[in-house]
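**Student:** Let me give you the structure first, and then I'll get to my questions.
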Amino acid sequence: MKRRNLGFVVFAVVLFAFAGACLAAEYGGTRISIAPLVVNGVLVPDQITQAHVVELTGAVSSEVGAKSLYWKSNRGGSGKPILYVGSLGEMELNGKWRIPRIHLKPGRNEIKVTVVPMRGKAVTERIVIFRED
């Protein structure tokens with residue numbers, strides 16, 4: 001009996017760790033997520049890097065469709081992510097996005113990615129990346 005409980009606990013811990021690997025926000029059937037930071041093919045789990053430019057990727061879904069998707073950095077820079085799977089304006093959006101070049105300044109860089117659904121409130125997710133010199 002104890003072995004079964006231990007197996008369940010291990011499974012639950014792995015499941016929660018996997019679920020927490022991707023930053024995500026959701027409201028009213030609209031969801032946006034940011035994939036873990038990867039720089040030059042290497043995972044950066046603590047989000048501290050010496051890179052001057054990074055690429056972010058993620059996913060967006062909405063039961064009612066989305067009319068816009070944009071990003072903004074607290075250190076300057078903003079724009080529209082490239083939505084390479086799915087289309088804005090369509091019902092039941094399930095898409096993937098990427099921002100190919102975000103310039104980082106030394107210190108704390110907070111990047112927010114926002115999706116605006118056809119109906120309801122905008123949903124924003126953020127990632128904080130620290131650039132060392």
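Labeling convention for the structure tokens: chains A, B, ... as they appear, residues from 1 per chain, ligands from 1 in order of appearance.
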Using only C-alpha atoms, which residues sit within 8 Å of range 121-127 of chain A once same-chain residues fewer than 6 positions away are excluded, as a PDB file with all heavy atoms, in the first residue's frame?
**Tutor:**
```pdb
ATOM      1  N   LEU A  23       4.788  29.229 -18.580  1.00  0.00           N
ATOM      2  CA  LEU A  23       4.021  30.302 -17.973  1.00  0.00           C
ATOM      3  C   LEU A  23       2.721  30.467 -18.752  1.00  0.00           C
ATOM      4  O   LEU A  23       2.740  30.527 -19.970  1.00  0.00           O
ATOM      5  CB  LEU A  23       4.828  31.598 -18.017  1.00  0.00           C
ATOM      6  CG  LEU A  23       6.202  31.543 -17.362  1.00  0.00           C
ATOM      7  CD1 LEU A  23       6.986  32.797 -17.698  1.00  0.00           C
ATOM      8  CD2 LEU A  23       6.080  31.373 -15.871  1.00  0.00           C
ATOM      9  N   ALA A  24       1.587  30.560 -18.067  1.00  0.00           N
ATOM     10  CA  ALA A  24       0.317  30.670 -18.771  1.00  0.00           C
ATOM     11  C   ALA A  24      -0.679  31.494 -17.972  1.00  0.00           C
ATOM     12  O   ALA A  24      -0.664  31.500 -16.750  1.00  0.00           O
ATOM     13  CB  ALA A  24      -0.263  29.288 -19.041  1.00  0.00           C
ATOM     14  N   ALA A  25      -1.552  32.199 -18.714  1.00  0.00           N
ATOM     15  CA  ALA A  25      -2.645  32.956 -18.112  1.00  0.00           C
ATOM     16  C   ALA A  25      -3.913  32.613 -18.872  1.00  0.00           C
ATOM     17  O   ALA A  25      -3.881  32.366 -20.080  1.00  0.00           O
ATOM     18  CB  ALA A  25      -2.360  34.452 -18.193  1.00  0.00           C
ATOM     19  N   GLU A  26      -5.042  32.613 -18.152  1.00  0.00           N
ATOM     20  CA  GLU A  26      -6.303  32.253 -18.791  1.00  0.00           C
ATOM     21  C   GLU A  26      -7.439  33.052 -18.181  1.00  0.00           C
ATOM     22  O   GLU A  26      -7.455  33.331 -16.987  1.00  0.00           O
ATOM     23  CB  GLU A  26      -6.569  30.761 -18.592  1.00  0.00           C
ATOM     24  CG  GLU A  26      -7.830  30.286 -19.273  1.00  0.00           C
ATOM     25  CD  GLU A  26      -7.988  28.777 -19.227  1.00  0.00           C
ATOM     26  OE1 GLU A  26      -7.165  28.098 -18.598  1.00  0.00           O
ATOM     27  OE2 GLU A  26      -8.941  28.292 -19.820  1.00  0.00           O
ATOM     28  N   TYR A  27      -8.405  33.422 -19.037  1.00  0.00           N
ATOM     29  CA  TYR A  27      -9.617  34.084 -18.574  1.00  0.00           C
ATOM     30  C   TYR A  27     -10.723  33.817 -19.583  1.00  0.00           C
ATOM     31  O   TYR A  27     -10.558  34.065 -20.772  1.00  0.00           O
ATOM     32  CB  TYR A  27      -9.404  35.597 -18.422  1.00  0.00           C
ATOM     33  CG  TYR A  27     -10.653  36.302 -17.977  1.00  0.00           C
ATOM     34  CD1 TYR A  27     -11.021  36.327 -16.638  1.00  0.00           C
ATOM     35  CD2 TYR A  27     -11.490  36.912 -18.894  1.00  0.00           C
ATOM     36  CE1 TYR A  27     -12.177  36.945 -16.223  1.00  0.00           C
ATOM     37  CE2 TYR A  27     -12.652  37.537 -18.493  1.00  0.00           C
ATOM     38  CZ  TYR A  27     -12.997  37.555 -17.155  1.00  0.00           C
ATOM     39  OH  TYR A  27     -14.150  38.164 -16.760  1.00  0.00           O
ATOM     40  N   GLY A  28     -11.839  33.320 -19.111  1.00  0.00           N
ATOM     41  CA  GLY A  28     -13.031  33.166 -19.943  1.00  0.00           C
ATOM     42  C   GLY A  28     -12.827  32.362 -21.210  1.00  0.00           C
ATOM     43  O   GLY A  28     -13.379  32.714 -22.245  1.00  0.00           O
ATOM     44  N   THR A  30     -10.075  32.027 -22.907  1.00  0.00           N
ATOM     45  CA  THR A  30      -8.950  32.519 -23.708  1.00  0.00           C
ATOM     46  C   THR A  30      -7.688  32.316 -22.885  1.00  0.00           C
ATOM     47  O   THR A  30      -7.635  32.657 -21.715  1.00  0.00           O
ATOM     48  CB  THR A  30      -9.134  33.995 -24.072  1.00  0.00           C
ATOM     49  OG1 THR A  30     -10.318  34.122 -24.864  1.00  0.00           O
ATOM     50  CG2 THR A  30      -7.944  34.530 -24.853  1.00  0.00           C
ATOM     51  N   ARG A  31      -6.669  31.756 -23.517  1.00  0.00           N
ATOM     52  CA  ARG A  31      -5.440  31.400 -22.812  1.00  0.00           C
ATOM     53  C   ARG A  31      -4.229  31.794 -23.648  1.00  0.00           C
ATOM     54  O   ARG A  31      -4.238  31.662 -24.866  1.00  0.00           O
ATOM     55  CB  ARG A  31      -5.437  29.889 -22.584  1.00  0.00           C
ATOM     56  CG  ARG A  31      -4.211  29.341 -21.942  1.00  0.00           C
ATOM     57  CD  ARG A  31      -4.331  27.822 -21.812  1.00  0.00           C
ATOM     58  NE  ARG A  31      -3.086  27.209 -21.491  1.00  0.00           N
ATOM     59  CZ  ARG A  31      -2.702  26.879 -20.276  1.00  0.00           C
ATOM     60  NH1 ARG A  31      -3.498  27.094 -19.267  1.00  0.00           N
ATOM     61  NH2 ARG A  31      -1.545  26.330 -20.066  1.00  0.00           N
ATOM     62  N   ILE A  32      -3.190  32.256 -22.960  1.00  0.00           N
ATOM     63  CA  ILE A  32      -1.921  32.547 -23.629  1.00  0.00           C
ATOM     64  C   ILE A  32      -0.799  31.990 -22.768  1.00  0.00           C
ATOM     65  O   ILE A  32      -0.884  32.023 -21.539  1.00  0.00           O
ATOM     66  CB  ILE A  32      -1.731  34.060 -23.893  1.00  0.00           C
ATOM     67  CG1 ILE A  32      -0.522  34.287 -24.796  1.00  0.00           C
ATOM     68  CG2 ILE A  32      -1.648  34.849 -22.612  1.00  0.00           C
ATOM     69  CD1 ILE A  32      -0.530  35.614 -25.493  1.00  0.00           C
ATOM     70  N   SER A  33       0.215  31.435 -23.412  1.00  0.00           N
ATOM     71  CA  SER A  33       1.336  30.879 -22.668  1.00  0.00           C
ATOM     72  C   SER A  33       2.647  31.280 -23.331  1.00  0.00           C
ATOM     73  O   SER A  33       2.699  31.559 -24.523  1.00  0.00           O
ATOM     74  CB  SER A  33       1.232  29.359 -22.592  1.00  0.00           C
ATOM     75  OG  SER A  33       1.315  28.790 -23.874  1.00  0.00           O
ATOM     76  N   ILE A  34       3.686  31.305 -22.513  1.00  0.00           N
ATOM     77  CA  ILE A  34       5.039  31.597 -22.978  1.00  0.00           C
ATOM     78  C   ILE A  34       5.890  30.376 -22.654  1.00  0.00           C
ATOM     79  O   ILE A  34       5.927  29.932 -21.508  1.00  0.00           O
ATOM     80  CB  ILE A  34       5.622  32.844 -22.293  1.00  0.00           C
ATOM     81  CG1 ILE A  34       4.751  34.071 -22.578  1.00  0.00           C
ATOM     82  CG2 ILE A  34       7.066  33.075 -22.740  1.00  0.00           C
ATOM     83  CD1 ILE A  34       5.168  35.328 -21.821  1.00  0.00           C
ATOM     84  N   GLU A 110      11.101  42.942 -18.430  1.00  0.00           N
ATOM     85  CA  GLU A 110       9.803  42.288 -18.310  1.00  0.00           C
ATOM     86  C   GLU A 110       9.077  42.410 -19.647  1.00  0.00           C
ATOM     87  O   GLU A 110       8.847  43.510 -20.134  1.00  0.00           O
ATOM     88  CB  GLU A 110       8.963  42.931 -17.210  1.00  0.00           C
ATOM     89  CG  GLU A 110       7.616  42.280 -17.047  1.00  0.00           C
ATOM     90  CD  GLU A 110       6.798  42.884 -15.913  1.00  0.00           C
ATOM     91  OE1 GLU A 110       7.362  43.582 -15.046  1.00  0.00           O
ATOM     92  OE2 GLU A 110       5.587  42.655 -15.905  1.00  0.00           O
ATOM     93  N   ILE A 111       8.743  41.261 -20.228  1.00  0.00           N
ATOM     94  CA  ILE A 111       8.040  41.236 -21.510  1.00  0.00           C
ATOM     95  C   ILE A 111       6.649  40.685 -21.263  1.00  0.00           C
ATOM     96  O   ILE A 111       6.485  39.624 -20.650  1.00  0.00           O
ATOM     97  CB  ILE A 111       8.785  40.378 -22.555  1.00  0.00           C
ATOM     98  CG1 ILE A 111      10.158  41.003 -22.872  1.00  0.00           C
ATOM     99  CG2 ILE A 111       7.988  40.294 -23.841  1.00  0.00           C
ATOM    100  CD1 ILE A 111      11.284  40.374 -22.212  1.00  0.00           C
ATOM    101  N   LYS A 112       5.644  41.439 -21.707  1.00  0.00           N
ATOM    102  CA  LYS A 112       4.251  41.020 -21.567  1.00  0.00           C
ATOM    103  C   LYS A 112       3.702  40.701 -22.951  1.00  0.00           C
ATOM    104  O   LYS A 112       3.917  41.449 -23.900  1.00  0.00           O
ATOM    105  CB  LYS A 112       3.409  42.116 -20.939  1.00  0.00           C
ATOM    106  CG  LYS A 112       3.771  42.411 -19.504  1.00  0.00           C
ATOM    107  CD  LYS A 112       2.878  43.496 -18.931  1.00  0.00           C
ATOM    108  CE  LYS A 112       3.252  43.788 -17.495  1.00  0.00           C
ATOM    109  NZ  LYS A 112       2.410  44.843 -16.920  1.00  0.00           N
ATOM    110  N   VAL A 113       3.005  39.575 -23.042  1.00  0.00           N
ATOM    111  CA  VAL A 113       2.339  39.175 -24.287  1.00  0.00           C
ATOM    112  C   VAL A 113       0.847  39.141 -23.984  1.00  0.00           C
ATOM    113  O   VAL A 113       0.417  38.514 -23.008  1.00  0.00           O
ATOM    114  CB  VAL A 113       2.827  37.802 -24.789  1.00  0.00           C
ATOM    115  CG1 VAL A 113       2.184  37.466 -26.115  1.00  0.00           C
ATOM    116  CG2 VAL A 113       4.345  37.785 -24.903  1.00  0.00           C
ATOM    117  N   THR A 114       0.062  39.840 -24.806  1.00  0.00           N
ATOM    118  CA  THR A 114      -1.370  39.997 -24.557  1.00  0.00           C
ATOM    119  C   THR A 114      -2.175  39.531 -25.751  1.00  0.00           C
ATOM    120  O   THR A 114      -1.837  39.829 -26.898  1.00  0.00           O
ATOM    121  CB  THR A 114      -1.703  41.479 -24.270  1.00  0.00           C
ATOM    122  OG1 THR A 114      -0.948  41.900 -23.135  1.00  0.00           O
ATOM    123  CG2 THR A 114      -3.177  41.690 -24.001  1.00  0.00           C
ATOM    124  N   VAL A 115      -3.255  38.813 -25.481  1.00  0.00           N
ATOM    125  CA  VAL A 115      -4.217  38.429 -26.509  1.00  0.00           C
ATOM    126  C   VAL A 115      -5.544  39.106 -26.162  1.00  0.00           C
ATOM    127  O   VAL A 115      -5.956  39.137 -25.003  1.00  0.00           O
ATOM    128  CB  VAL A 115      -4.380  36.894 -26.623  1.00  0.00           C
ATOM    129  CG1 VAL A 115      -4.837  36.268 -25.319  1.00  0.00           C
ATOM    130  CG2 VAL A 115      -5.345  36.537 -27.747  1.00  0.00           C
TER     131      VAL A 115
END
```
**Student:** Looking only at the backbone, which of the residues in chain A does DSSP tag as helix (DSSP H, G or I), as a ChimeraX atom specification?
**Tutor:** /A:2-20
**Student:** Which of these, A:Met91, A:Leu104, A:Ala35, A:Val116, has the shortest distance to Val64 in chain A once you count only C-alpha atoms?
**Tutor:**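 When distances to Val64 in chain A are compared using only C-alpha atoms, the smallest one comes from A:Met91.
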**Student:** Which residues, written as a list in words, have at least one atom at most 7 Å from Ser62 in chain A, with only C-alpha atoms counted and residues fewer than 2 positions away on the same chain left out?
**Tutor:** Gly29, Thr30, Arg31, Val60, Val64, Gly65, Ala66, Glu92, Leu93, Asn94 and Pro117 of chain A
**Student:** Nearest residue to Gly79 in chain A out of A:Lys96, A:Ile102, A:Ala59, A:Pro45, using only C-alpha atoms?
**Tutor:**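 Comparing A:Lys96, A:Ile102, A:Ala59, A:Pro45 against Gly79 in chain A, the winner is A:Ile102.
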**Student:** Using only C-alpha atoms, find the one residue out of A:Leu37, A:Ala51, A:Leu69, A:Val42 that sits nearest to Arg131 in chain A.
**Tutor:**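 Smallest separation from Arg131 in chain A among the options: A:Ala51.
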**Student:** Would you mind telling me which residue in A:Lys105, A:Arg75, A:Arg98, A:Arg119 lies nearest to His52 in chain A when using only C-alpha atoms?
**Tutor:**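 For His52 in chain A, the nearest of the given residues is A:Lys105.
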**Student:** Calculate how many Å separate CA of Lys72 in chain A from CA of Glu132 in chain A, rounding to one decimal.
**Tutor:**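 CA of Lys72 in chain A sits 20.6 Å away from CA of Glu132 in chain A.
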**Student:** Calculated over only C-alpha atoms, which of the candidates A:Pro106, A:Gly41, A:Gly86, A:Gly76 has the smallest distance to Glu55 in chain A?
**Tutor:**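 With only C-alpha atoms as the atom set, the closest residue is A:Gly41.
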**Student:** Could you please write out, as number ranges by chain, every residue of chain A that DSSP assigns to strand (DSSP E)?
**Tutor:** A: 23-27, 30-34, 38-39, 42-43, 48-49, 53-62, 66-73, 78-79, 82-85, 93-103, 107-117, 123-131
**Student:** For the atom pair CA of Met118 in chain A and CA of Trp71 in chain A, what is the interatomic distance in Å to one decimal place?
**Tutor:** 17.9 Å
**Student:** What's the separation between CA of Trp97 in chain A and CA of Gln50 in chain A, in Å to one decimal place?
**Tutor:**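 Taking CA of Trp97 in chain A and CA of Gln50 in chain A, their separation equals 24.0 Å.
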**Student:** Considering only C-alpha atoms, can you say which of A:Leu83, A:Val54, A:Val39, A:Leu88 comes closest to Asn109 in chain A?
**Tutor:**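 That would be A:Val54, the residue with the smallest distance to Asn109 in chain A.
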